[in-house]
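Novice: coords31.cif (mmCIF, N, CA and C atoms) pasted underneath:
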```
data_final
#
loop_
_atom_site.label_atom_id
_atom_site.label_comp_id
_atom_site.auth_asym_id
_atom_site.auth_seq_id
_atom_site.Cartn_x
_atom_site.Cartn_y
_atom_site.Cartn_z
N MET Z 1 138.93 -21.19 226.46
CA MET Z 1 138.81 -20.47 227.70
C MET Z 1 139.97 -20.86 228.60
N LYS Z 2 140.64 -19.88 229.19
CA LYS Z 2 141.75 -20.14 230.09
C LYS Z 2 141.22 -20.72 231.38
N GLU Z 3 141.94 -21.69 231.93
CA GLU Z 3 141.52 -22.33 233.18
C GLU Z 3 142.47 -22.01 234.33
N GLU Z 4 143.58 -21.26 234.10
CA GLU Z 4 144.57 -21.05 235.15
C GLU Z 4 144.02 -20.25 236.33
N ASN Z 5 143.13 -19.35 236.08
CA ASN Z 5 142.65 -18.45 237.12
C ASN Z 5 141.77 -19.19 238.12
N LYS Z 6 141.99 -18.89 239.40
CA LYS Z 6 141.18 -19.47 240.46
C LYS Z 6 139.88 -18.67 240.56
N GLU Z 7 138.77 -19.39 240.69
CA GLU Z 7 137.47 -18.72 240.80
C GLU Z 7 137.43 -17.88 242.07
N PRO Z 8 136.91 -16.65 241.97
CA PRO Z 8 136.78 -15.79 243.16
C PRO Z 8 135.79 -16.38 244.16
N ASN Z 9 135.90 -15.94 245.42
CA ASN Z 9 134.97 -16.36 246.47
C ASN Z 9 133.54 -16.08 246.05
N GLY Z 10 132.68 -17.03 246.28
CA GLY Z 10 131.26 -16.87 245.98
C GLY Z 10 130.88 -17.19 244.54
N PHE Z 11 131.87 -17.37 243.67
CA PHE Z 11 131.59 -17.58 242.25
C PHE Z 11 130.91 -18.94 242.01
N ALA Z 12 131.40 -19.98 242.68
CA ALA Z 12 130.84 -21.33 242.47
C ALA Z 12 129.35 -21.37 242.85
N LYS Z 13 129.00 -20.76 243.97
CA LYS Z 13 127.61 -20.74 244.41
C LYS Z 13 126.74 -19.95 243.42
N ALA Z 14 127.26 -18.81 242.97
CA ALA Z 14 126.53 -18.00 241.99
C ALA Z 14 126.37 -18.77 240.67
N LYS Z 15 127.38 -19.54 240.31
CA LYS Z 15 127.33 -20.32 239.07
C LYS Z 15 126.22 -21.36 239.14
N GLN Z 16 126.04 -21.99 240.28
CA GLN Z 16 124.96 -22.98 240.44
C GLN Z 16 123.60 -22.33 240.23
N LYS Z 17 123.40 -21.18 240.85
CA LYS Z 17 122.11 -20.47 240.71
C LYS Z 17 121.91 -19.99 239.27
N THR Z 18 122.99 -19.61 238.62
CA THR Z 18 122.89 -19.11 237.25
C THR Z 18 122.52 -20.21 236.27
N GLU Z 19 122.99 -21.43 236.51
CA GLU Z 19 122.63 -22.55 235.63
C GLU Z 19 121.11 -22.71 235.58
N GLU Z 20 120.47 -22.62 236.73
CA GLU Z 20 119.01 -22.72 236.79
C GLU Z 20 118.36 -21.55 236.04
N LEU Z 21 118.94 -20.38 236.21
CA LEU Z 21 118.40 -19.17 235.61
C LEU Z 21 118.46 -19.23 234.07
N LEU Z 22 119.55 -19.81 233.55
CA LEU Z 22 119.72 -19.89 232.10
C LEU Z 22 118.67 -20.78 231.43
N GLU Z 23 118.03 -21.63 232.21
CA GLU Z 23 116.99 -22.51 231.68
C GLU Z 23 115.63 -21.81 231.62
N ASN Z 24 115.54 -20.61 232.17
CA ASN Z 24 114.27 -19.89 232.23
C ASN Z 24 114.43 -18.54 231.53
N GLY Z 25 113.95 -18.45 230.29
CA GLY Z 25 114.11 -17.25 229.49
C GLY Z 25 113.55 -16.00 230.14
N GLU Z 26 112.44 -16.14 230.84
CA GLU Z 26 111.82 -14.98 231.49
C GLU Z 26 112.71 -14.44 232.61
N LYS Z 27 113.25 -15.35 233.42
CA LYS Z 27 114.13 -14.92 234.51
C LYS Z 27 115.44 -14.33 233.97
N LEU Z 28 115.95 -14.92 232.90
CA LEU Z 28 117.17 -14.40 232.30
C LEU Z 28 116.93 -13.00 231.75
N SER Z 29 115.82 -12.81 231.09
CA SER Z 29 115.47 -11.50 230.55
C SER Z 29 115.38 -10.45 231.67
N LYS Z 30 114.75 -10.85 232.77
CA LYS Z 30 114.62 -9.94 233.91
C LYS Z 30 116.01 -9.61 234.48
N LEU Z 31 116.85 -10.62 234.62
CA LEU Z 31 118.21 -10.41 235.13
C LEU Z 31 118.97 -9.40 234.26
N LEU Z 32 118.89 -9.58 232.95
CA LEU Z 32 119.59 -8.68 232.03
C LEU Z 32 119.07 -7.25 232.18
N GLY Z 33 117.76 -7.10 232.28
CA GLY Z 33 117.17 -5.77 232.45
C GLY Z 33 117.65 -5.09 233.73
N VAL Z 34 117.63 -5.83 234.84
CA VAL Z 34 118.09 -5.28 236.12
C VAL Z 34 119.57 -4.93 236.05
N ALA Z 35 120.36 -5.79 235.43
CA ALA Z 35 121.81 -5.56 235.33
C ALA Z 35 122.12 -4.32 234.49
N ILE Z 36 121.40 -4.12 233.42
CA ILE Z 36 121.63 -2.95 232.56
C ILE Z 36 121.37 -1.66 233.36
N VAL Z 37 120.27 -1.64 234.10
CA VAL Z 37 119.93 -0.45 234.90
C VAL Z 37 120.97 -0.24 236.01
N LYS Z 38 121.32 -1.31 236.73
CA LYS Z 38 122.29 -1.19 237.82
C LYS Z 38 123.66 -0.76 237.30
N ALA Z 39 124.08 -1.30 236.16
CA ALA Z 39 125.37 -0.94 235.59
C ALA Z 39 125.42 0.55 235.27
N GLU Z 40 124.34 1.06 234.73
CA GLU Z 40 124.28 2.49 234.40
C GLU Z 40 124.35 3.33 235.67
N GLU Z 41 123.63 2.91 236.69
CA GLU Z 41 123.62 3.63 237.97
C GLU Z 41 124.98 3.60 238.66
N LYS Z 42 125.72 2.50 238.51
CA LYS Z 42 126.98 2.30 239.23
C LYS Z 42 128.21 2.47 238.33
N LYS Z 43 128.01 3.11 237.20
CA LYS Z 43 129.08 3.27 236.20
C LYS Z 43 130.36 3.83 236.82
N GLU Z 44 130.24 4.86 237.63
CA GLU Z 44 131.42 5.50 238.25
C GLU Z 44 132.15 4.54 239.19
N LYS Z 45 131.40 3.77 239.96
CA LYS Z 45 132.02 2.85 240.92
C LYS Z 45 132.69 1.67 240.22
N LEU Z 46 132.17 1.29 239.07
CA LEU Z 46 132.72 0.14 238.34
C LEU Z 46 134.01 0.51 237.59
N LYS Z 47 134.19 1.77 237.30
CA LYS Z 47 135.38 2.28 236.61
C LYS Z 47 135.67 1.48 235.34
N ASP Z 48 136.87 0.90 235.26
CA ASP Z 48 137.30 0.19 234.05
C ASP Z 48 136.50 -1.08 233.78
N SER Z 49 135.89 -1.65 234.80
CA SER Z 49 135.12 -2.88 234.62
C SER Z 49 133.78 -2.64 233.93
N TRP Z 50 133.36 -1.39 233.85
CA TRP Z 50 132.06 -1.08 233.26
C TRP Z 50 131.99 -1.56 231.81
N SER Z 51 133.01 -1.27 231.02
CA SER Z 51 132.96 -1.68 229.62
C SER Z 51 133.03 -3.21 229.48
N ASP Z 52 133.77 -3.87 230.39
CA ASP Z 52 133.79 -5.34 230.36
C ASP Z 52 132.41 -5.90 230.68
N LEU Z 53 131.75 -5.31 231.67
CA LEU Z 53 130.39 -5.74 232.02
C LEU Z 53 129.44 -5.53 230.85
N GLN Z 54 129.59 -4.42 230.15
CA GLN Z 54 128.74 -4.16 228.98
C GLN Z 54 128.93 -5.23 227.91
N SER Z 55 130.18 -5.67 227.70
CA SER Z 55 130.44 -6.74 226.73
C SER Z 55 129.76 -8.04 227.16
N LEU Z 56 129.83 -8.36 228.45
CA LEU Z 56 129.18 -9.57 228.94
C LEU Z 56 127.66 -9.49 228.77
N LEU Z 57 127.11 -8.33 229.06
CA LEU Z 57 125.66 -8.13 228.90
C LEU Z 57 125.25 -8.31 227.44
N ARG Z 58 125.99 -7.71 226.53
CA ARG Z 58 125.65 -7.84 225.10
C ARG Z 58 125.80 -9.29 224.63
N LEU Z 59 126.84 -9.97 225.11
CA LEU Z 59 127.07 -11.36 224.72
C LEU Z 59 125.92 -12.25 225.17
N VAL Z 60 125.54 -12.17 226.43
CA VAL Z 60 124.46 -13.02 226.94
C VAL Z 60 123.14 -12.65 226.27
N GLN Z 61 122.92 -11.38 226.05
CA GLN Z 61 121.69 -10.95 225.39
C GLN Z 61 121.62 -11.49 223.96
N ALA Z 62 122.71 -11.42 223.23
CA ALA Z 62 122.74 -11.94 221.85
C ALA Z 62 122.54 -13.45 221.84
N TRP Z 63 123.11 -14.15 222.80
CA TRP Z 63 122.92 -15.59 222.91
C TRP Z 63 121.45 -15.91 223.23
N TRP Z 64 120.89 -15.20 224.21
CA TRP Z 64 119.51 -15.44 224.63
C TRP Z 64 118.53 -15.19 223.48
N LYS Z 65 118.77 -14.16 222.68
CA LYS Z 65 117.90 -13.86 221.54
C LYS Z 65 118.17 -14.78 220.35
N LYS Z 66 119.15 -15.67 220.50
CA LYS Z 66 119.56 -16.61 219.45
C LYS Z 66 120.18 -15.91 218.23
N ASP Z 67 120.69 -14.71 218.45
CA ASP Z 67 121.40 -14.00 217.39
C ASP Z 67 122.83 -14.50 217.26
N TYR Z 68 123.40 -14.91 218.37
CA TYR Z 68 124.80 -15.36 218.40
C TYR Z 68 124.86 -16.68 219.17
N GLN Z 69 125.03 -17.76 218.43
CA GLN Z 69 125.02 -19.09 219.04
C GLN Z 69 126.38 -19.80 218.96
N GLU Z 70 127.33 -19.18 218.30
CA GLU Z 70 128.65 -19.80 218.12
C GLU Z 70 129.51 -19.60 219.37
N ILE Z 71 129.03 -20.14 220.49
CA ILE Z 71 129.67 -19.87 221.77
C ILE Z 71 129.55 -21.12 222.66
N PRO Z 72 130.65 -21.49 223.32
CA PRO Z 72 130.56 -22.65 224.22
C PRO Z 72 129.62 -22.37 225.41
N TRP Z 73 128.96 -23.42 225.87
CA TRP Z 73 128.05 -23.30 227.00
C TRP Z 73 128.76 -22.72 228.23
N LYS Z 74 129.97 -23.17 228.48
CA LYS Z 74 130.71 -22.70 229.67
C LYS Z 74 130.94 -21.19 229.60
N THR Z 75 131.13 -20.66 228.41
CA THR Z 75 131.32 -19.22 228.24
C THR Z 75 130.04 -18.47 228.62
N ILE Z 76 128.91 -18.96 228.15
CA ILE Z 76 127.63 -18.34 228.49
C ILE Z 76 127.40 -18.44 230.00
N LEU Z 77 127.69 -19.60 230.56
CA LEU Z 77 127.51 -19.79 232.00
C LEU Z 77 128.37 -18.81 232.80
N TYR Z 78 129.63 -18.67 232.45
CA TYR Z 78 130.52 -17.75 233.17
C TYR Z 78 130.07 -16.30 232.99
N ALA Z 79 129.73 -15.92 231.77
CA ALA Z 79 129.30 -14.54 231.51
C ALA Z 79 128.03 -14.23 232.29
N ALA Z 80 127.06 -15.14 232.24
CA ALA Z 80 125.80 -14.93 232.96
C ALA Z 80 126.02 -14.95 234.48
N THR Z 81 126.97 -15.75 234.94
CA THR Z 81 127.28 -15.79 236.37
C THR Z 81 127.84 -14.45 236.84
N ALA Z 82 128.71 -13.85 236.05
CA ALA Z 82 129.25 -12.54 236.41
C ALA Z 82 128.11 -11.52 236.52
N ILE Z 83 127.17 -11.59 235.59
CA ILE Z 83 126.03 -10.67 235.60
C ILE Z 83 125.16 -10.94 236.83
N PHE Z 84 124.88 -12.20 237.10
CA PHE Z 84 124.08 -12.57 238.27
C PHE Z 84 124.77 -12.08 239.55
N TYR Z 85 126.07 -12.30 239.64
CA TYR Z 85 126.83 -11.89 240.83
C TYR Z 85 126.76 -10.38 241.01
N PHE Z 86 126.89 -9.65 239.92
CA PHE Z 86 126.82 -8.20 239.96
C PHE Z 86 125.46 -7.72 240.47
N VAL Z 87 124.39 -8.37 240.05
CA VAL Z 87 123.04 -7.96 240.41
C VAL Z 87 122.68 -8.41 241.83
N SER Z 88 123.22 -9.54 242.26
CA SER Z 88 122.85 -10.10 243.55
C SER Z 88 123.25 -9.19 244.71
N PRO Z 89 122.29 -8.87 245.57
CA PRO Z 89 122.60 -8.02 246.73
C PRO Z 89 123.34 -8.79 247.82
N LEU Z 90 123.36 -10.11 247.72
CA LEU Z 90 123.97 -10.94 248.75
C LEU Z 90 125.25 -11.60 248.25
N ASP Z 91 126.08 -10.86 247.53
CA ASP Z 91 127.33 -11.44 247.07
C ASP Z 91 128.33 -11.48 248.22
N PHE Z 92 129.56 -11.86 247.94
CA PHE Z 92 130.56 -12.09 248.98
C PHE Z 92 130.77 -10.86 249.87
N ILE Z 93 130.85 -9.68 249.26
CA ILE Z 93 130.92 -8.42 250.02
C ILE Z 93 129.70 -7.61 249.57
N PRO Z 94 128.71 -7.41 250.43
CA PRO Z 94 127.51 -6.68 250.02
C PRO Z 94 127.83 -5.28 249.48
N ASP Z 95 127.09 -4.88 248.43
CA ASP Z 95 127.35 -3.62 247.73
C ASP Z 95 127.17 -2.38 248.60
N PHE Z 96 126.38 -2.49 249.67
CA PHE Z 96 126.13 -1.30 250.49
C PHE Z 96 127.32 -0.95 251.38
N ILE Z 97 128.33 -1.81 251.48
CA ILE Z 97 129.51 -1.50 252.29
C ILE Z 97 130.37 -0.50 251.51
N PRO Z 98 130.61 0.67 252.09
CA PRO Z 98 131.37 1.71 251.38
C PRO Z 98 132.73 1.21 250.89
N ILE Z 99 133.14 1.69 249.76
CA ILE Z 99 134.42 1.43 249.10
C ILE Z 99 134.58 -0.02 248.67
N THR Z 100 134.52 -0.97 249.60
CA THR Z 100 134.78 -2.37 249.24
C THR Z 100 133.57 -3.09 248.66
N GLY Z 101 132.40 -2.51 248.75
CA GLY Z 101 131.18 -3.18 248.31
C GLY Z 101 131.17 -3.62 246.86
N PHE Z 102 131.87 -2.91 246.00
CA PHE Z 102 131.90 -3.29 244.58
C PHE Z 102 133.21 -3.99 244.20
N LEU Z 103 134.13 -4.11 245.13
CA LEU Z 103 135.41 -4.76 244.81
C LEU Z 103 135.22 -6.22 244.41
N ASP Z 104 134.33 -6.94 245.10
CA ASP Z 104 134.12 -8.33 244.71
C ASP Z 104 133.42 -8.42 243.36
N ASP Z 105 132.50 -7.51 243.08
CA ASP Z 105 131.85 -7.49 241.76
C ASP Z 105 132.90 -7.26 240.67
N ILE Z 106 133.78 -6.30 240.90
CA ILE Z 106 134.84 -5.99 239.93
C ILE Z 106 135.77 -7.18 239.78
N THR Z 107 136.08 -7.85 240.89
CA THR Z 107 136.94 -9.04 240.84
C THR Z 107 136.31 -10.12 239.98
N VAL Z 108 135.02 -10.37 240.17
CA VAL Z 108 134.32 -11.40 239.39
C VAL Z 108 134.26 -11.01 237.91
N ILE Z 109 133.93 -9.77 237.62
CA ILE Z 109 133.86 -9.31 236.22
C ILE Z 109 135.23 -9.46 235.56
N THR Z 110 136.28 -9.06 236.27
CA THR Z 110 137.65 -9.15 235.73
C THR Z 110 138.05 -10.61 235.53
N PHE Z 111 137.75 -11.46 236.50
CA PHE Z 111 138.05 -12.89 236.38
C PHE Z 111 137.37 -13.48 235.14
N VAL Z 112 136.09 -13.19 234.99
CA VAL Z 112 135.33 -13.76 233.87
C VAL Z 112 135.83 -13.22 232.53
N THR Z 113 136.01 -11.92 232.42
CA THR Z 113 136.44 -11.37 231.13
C THR Z 113 137.85 -11.83 230.77
N SER Z 114 138.72 -12.02 231.76
CA SER Z 114 140.05 -12.51 231.43
C SER Z 114 139.99 -14.00 231.07
N SER Z 115 139.12 -14.77 231.74
CA SER Z 115 138.96 -16.19 231.43
C SER Z 115 138.34 -16.41 230.05
N LEU Z 116 137.49 -15.48 229.63
CA LEU Z 116 136.75 -15.63 228.37
C LEU Z 116 137.28 -14.74 227.25
N LYS Z 117 138.48 -14.21 227.41
CA LYS Z 117 139.00 -13.21 226.48
C LYS Z 117 138.85 -13.62 225.01
N THR Z 118 139.24 -14.81 224.67
CA THR Z 118 139.17 -15.27 223.28
C THR Z 118 137.73 -15.28 222.76
N ASP Z 119 136.82 -15.82 223.56
CA ASP Z 119 135.41 -15.89 223.14
C ASP Z 119 134.79 -14.49 223.07
N ILE Z 120 135.15 -13.61 223.99
CA ILE Z 120 134.63 -12.24 223.97
C ILE Z 120 135.16 -11.50 222.74
N ASP Z 121 136.43 -11.70 222.42
CA ASP Z 121 137.00 -11.08 221.22
C ASP Z 121 136.29 -11.56 219.95
N LYS Z 122 135.99 -12.87 219.89
CA LYS Z 122 135.25 -13.42 218.73
C LYS Z 122 133.87 -12.78 218.65
N PHE Z 123 133.21 -12.64 219.80
CA PHE Z 123 131.89 -12.02 219.83
C PHE Z 123 131.96 -10.58 219.35
N LYS Z 124 132.94 -9.83 219.82
CA LYS Z 124 133.07 -8.43 219.41
C LYS Z 124 133.33 -8.32 217.91
N THR Z 125 134.09 -9.26 217.37
CA THR Z 125 134.33 -9.28 215.92
C THR Z 125 133.01 -9.53 215.20
N TRP Z 126 132.25 -10.54 215.66
CA TRP Z 126 130.94 -10.83 215.08
C TRP Z 126 130.02 -9.62 215.18
N GLU Z 127 130.05 -8.98 216.34
CA GLU Z 127 129.18 -7.83 216.61
C GLU Z 127 129.48 -6.68 215.63
N SER Z 128 130.74 -6.55 215.22
CA SER Z 128 131.12 -5.44 214.35
C SER Z 128 130.82 -5.71 212.87
N LEU Z 129 130.42 -6.94 212.54
CA LEU Z 129 130.10 -7.28 211.16
C LEU Z 129 128.79 -6.58 210.75
N PRO Z 130 128.70 -6.23 209.46
CA PRO Z 130 127.40 -5.71 208.97
C PRO Z 130 126.32 -6.78 209.14
N LYS Z 131 125.09 -6.36 209.35
CA LYS Z 131 123.97 -7.29 209.60
C LYS Z 131 123.86 -8.38 208.54
N ASP Z 132 124.10 -8.05 207.30
CA ASP Z 132 123.94 -9.05 206.23
C ASP Z 132 125.07 -10.09 206.22
N GLU Z 133 126.12 -9.90 207.03
CA GLU Z 133 127.21 -10.87 207.11
C GLU Z 133 127.15 -11.73 208.36
N LYS Z 134 126.14 -11.51 209.20
CA LYS Z 134 126.03 -12.28 210.46
C LYS Z 134 125.27 -13.55 210.23
#
```
Before anything else, please render the file you have as structure tokens.
Specialist:
Amino acid sequence: MKEENKEPNGFAKAKQKTEELLENGEKLSKLLGVAIVKAEEKKEKLKDSWSDLQSLLRLVQAWWKKDYQEIPWKTILYAATAIFYFVSPLDFIPDFIPITGFLDDITVITFVTSSLKTDIDKFKTWESLPKDEK
């Protein structure tokens, strides 16, 4: 995972809350469900970040279901933090603010996907394997 990128505003606080969330399967499941619905609803506003968010959602979901465990903890933490940040109504710039409301969400998603590029690429390769090869 690349470390050069500076964490966006609000990311550290969201990361702390996400660590607690990752210890509770029920809360994580609920977060993923809410994020999937919100992502679909906000697809147009997310633009290019939508597909990156989808990759993060699939990665965390596969990890949570124990289908994909070949992943560093920090990668799961960052991916889940981006999802938590996206879902949280009280992020750095609230989503209800026109135009800029999703800019911080997009910034966090972009930061995380660029920081985790290698691990996400490995996951996508694993994901594309036939079921009997996983």
Novice: Quick one, how far is atom CA of Leu31 of chain Z from atom CA of Ser128 of chain Z?
Specialist: 25.0 Å
Novice: I'd like to know which of Z:Phe86, Z:Thr110, Z:Ala80, Z:Leu103 is closest to Ala35 of chain Z, using all atoms listed in the file.
Specialist: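 Looking only at the distances to Ala35 of chain Z, the closest residue turns out to be Z:Phe86.
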Novice: Under the PyMOL selection byres (((chain Z and resi 37-43 and name CA) around 10) and name CA), which residues of this model are included? Write them out as a list of chain:residue names.
Specialist: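 Selection result, ordered by chain and number: Z:Leu32, Z:Gly33, Z:Val34, Z:Ala35, Z:Ile36, Z:Glu44, Z:Lys45, Z:Leu46, Z:Lys47, Z:Asp48, Z:Ser49, Z:Trp50, Z:Ser51, Z:Leu53, Z:Gln54, Z:Leu57, Z:Ile83, Z:Phe86, Z:Val87, Z:Phe102.
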Novice: Could you list, as a PyMOL selection string, every residue within 8 Å of segment 6-19 of chain Z, counting all atoms listed in the file and ignoring same-chain residues fewer than 5 positions away?
Specialist: chain Z and resi 24+77-78+80-82+84-85+91-93+104+107-108+111-112
Novice: Limited to N, CA and C atoms, could you put the picked residues into a file as a PDB file, in the frame of the given file?
Specialist:
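In the end it all went to part21.pdb:
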```
ATOM      1  N   ASN Z  24     115.540 -20.610 232.170  1.00  0.00           N
ATOM      2  CA  ASN Z  24     114.270 -19.890 232.230  1.00  0.00           C
ATOM      3  C   ASN Z  24     114.430 -18.540 231.530  1.00  0.00           C
ATOM      4  N   LEU Z  77     127.690 -19.600 230.560  1.00  0.00           N
ATOM      5  CA  LEU Z  77     127.510 -19.790 232.000  1.00  0.00           C
ATOM      6  C   LEU Z  77     128.370 -18.810 232.800  1.00  0.00           C
ATOM      7  N   TYR Z  78     129.630 -18.670 232.450  1.00  0.00           N
ATOM      8  CA  TYR Z  78     130.520 -17.750 233.170  1.00  0.00           C
ATOM      9  C   TYR Z  78     130.070 -16.300 232.990  1.00  0.00           C
ATOM     10  N   ALA Z  80     127.060 -15.140 232.240  1.00  0.00           N
ATOM     11  CA  ALA Z  80     125.800 -14.930 232.960  1.00  0.00           C
ATOM     12  C   ALA Z  80     126.020 -14.950 234.480  1.00  0.00           C
ATOM     13  N   THR Z  81     126.970 -15.750 234.940  1.00  0.00           N
ATOM     14  CA  THR Z  81     127.280 -15.790 236.370  1.00  0.00           C
ATOM     15  C   THR Z  81     127.840 -14.450 236.840  1.00  0.00           C
ATOM     16  N   ALA Z  82     128.710 -13.850 236.050  1.00  0.00           N
ATOM     17  CA  ALA Z  82     129.250 -12.540 236.410  1.00  0.00           C
ATOM     18  C   ALA Z  82     128.110 -11.520 236.520  1.00  0.00           C
ATOM     19  N   PHE Z  84     124.880 -12.200 237.100  1.00  0.00           N
ATOM     20  CA  PHE Z  84     124.080 -12.570 238.270  1.00  0.00           C
ATOM     21  C   PHE Z  84     124.770 -12.080 239.550  1.00  0.00           C
ATOM     22  N   TYR Z  85     126.070 -12.300 239.640  1.00  0.00           N
ATOM     23  CA  TYR Z  85     126.830 -11.890 240.830  1.00  0.00           C
ATOM     24  C   TYR Z  85     126.760 -10.380 241.010  1.00  0.00           C
ATOM     25  N   ASP Z  91     126.080 -10.860 247.530  1.00  0.00           N
ATOM     26  CA  ASP Z  91     127.330 -11.440 247.070  1.00  0.00           C
ATOM     27  C   ASP Z  91     128.330 -11.480 248.220  1.00  0.00           C
ATOM     28  N   PHE Z  92     129.560 -11.860 247.940  1.00  0.00           N
ATOM     29  CA  PHE Z  92     130.560 -12.090 248.980  1.00  0.00           C
ATOM     30  C   PHE Z  92     130.770 -10.860 249.870  1.00  0.00           C
ATOM     31  N   ILE Z  93     130.850  -9.680 249.260  1.00  0.00           N
ATOM     32  CA  ILE Z  93     130.920  -8.420 250.020  1.00  0.00           C
ATOM     33  C   ILE Z  93     129.700  -7.610 249.570  1.00  0.00           C
ATOM     34  N   ASP Z 104     134.330  -6.940 245.100  1.00  0.00           N
ATOM     35  CA  ASP Z 104     134.120  -8.330 244.710  1.00  0.00           C
ATOM     36  C   ASP Z 104     133.420  -8.420 243.360  1.00  0.00           C
ATOM     37  N   THR Z 107     136.080  -7.850 240.890  1.00  0.00           N
ATOM     38  CA  THR Z 107     136.940  -9.040 240.840  1.00  0.00           C
ATOM     39  C   THR Z 107     136.310 -10.120 239.980  1.00  0.00           C
ATOM     40  N   VAL Z 108     135.020 -10.370 240.170  1.00  0.00           N
ATOM     41  CA  VAL Z 108     134.320 -11.400 239.390  1.00  0.00           C
ATOM     42  C   VAL Z 108     134.260 -11.010 237.910  1.00  0.00           C
ATOM     43  N   PHE Z 111     137.750 -11.460 236.500  1.00  0.00           N
ATOM     44  CA  PHE Z 111     138.050 -12.890 236.380  1.00  0.00           C
ATOM     45  C   PHE Z 111     137.370 -13.480 235.140  1.00  0.00           C
ATOM     46  N   VAL Z 112     136.090 -13.190 234.990  1.00  0.00           N
ATOM     47  CA  VAL Z 112     135.330 -13.760 233.870  1.00  0.00           C
ATOM     48  C   VAL Z 112     135.830 -13.220 232.530  1.00  0.00           C
TER      49      VAL Z 112
END
```
Novice: Can you work out the spacing between atom CA of Ile71 of chain Z and atom C of Lys117 of chain Z in Å, to one decimal?
Specialist: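 One can read the atom CA of Ile71 of chain Z to atom C of Lys117 of chain Z distance as 11.6 Å.
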Novice: If I take atom N of Ile109 of chain Z and atom CA of Ser29 of chain Z, how far is one from the other in Å, to one decimal?
Specialist: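 Distance reported for this atom pair: 19.8 Å.
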Novice: Taking into account only C-alpha atoms, which residue in the set Z:Ser88, Z:Ile106, Z:Ala79, Z:Trp63 is nearest to Glu127 of chain Z?
Specialist: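 With only C-alpha atoms as the atom set, the closest residue is Z:Trp63.
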Novice: List as number ranges by chain: which residues have an atom within 12 Å of (125.1, -12.5, 222.2), counting only C-alpha atoms?
Specialist: Z: 32, 54-72, 75-76, 79-80, 119-120, 122-127, 134
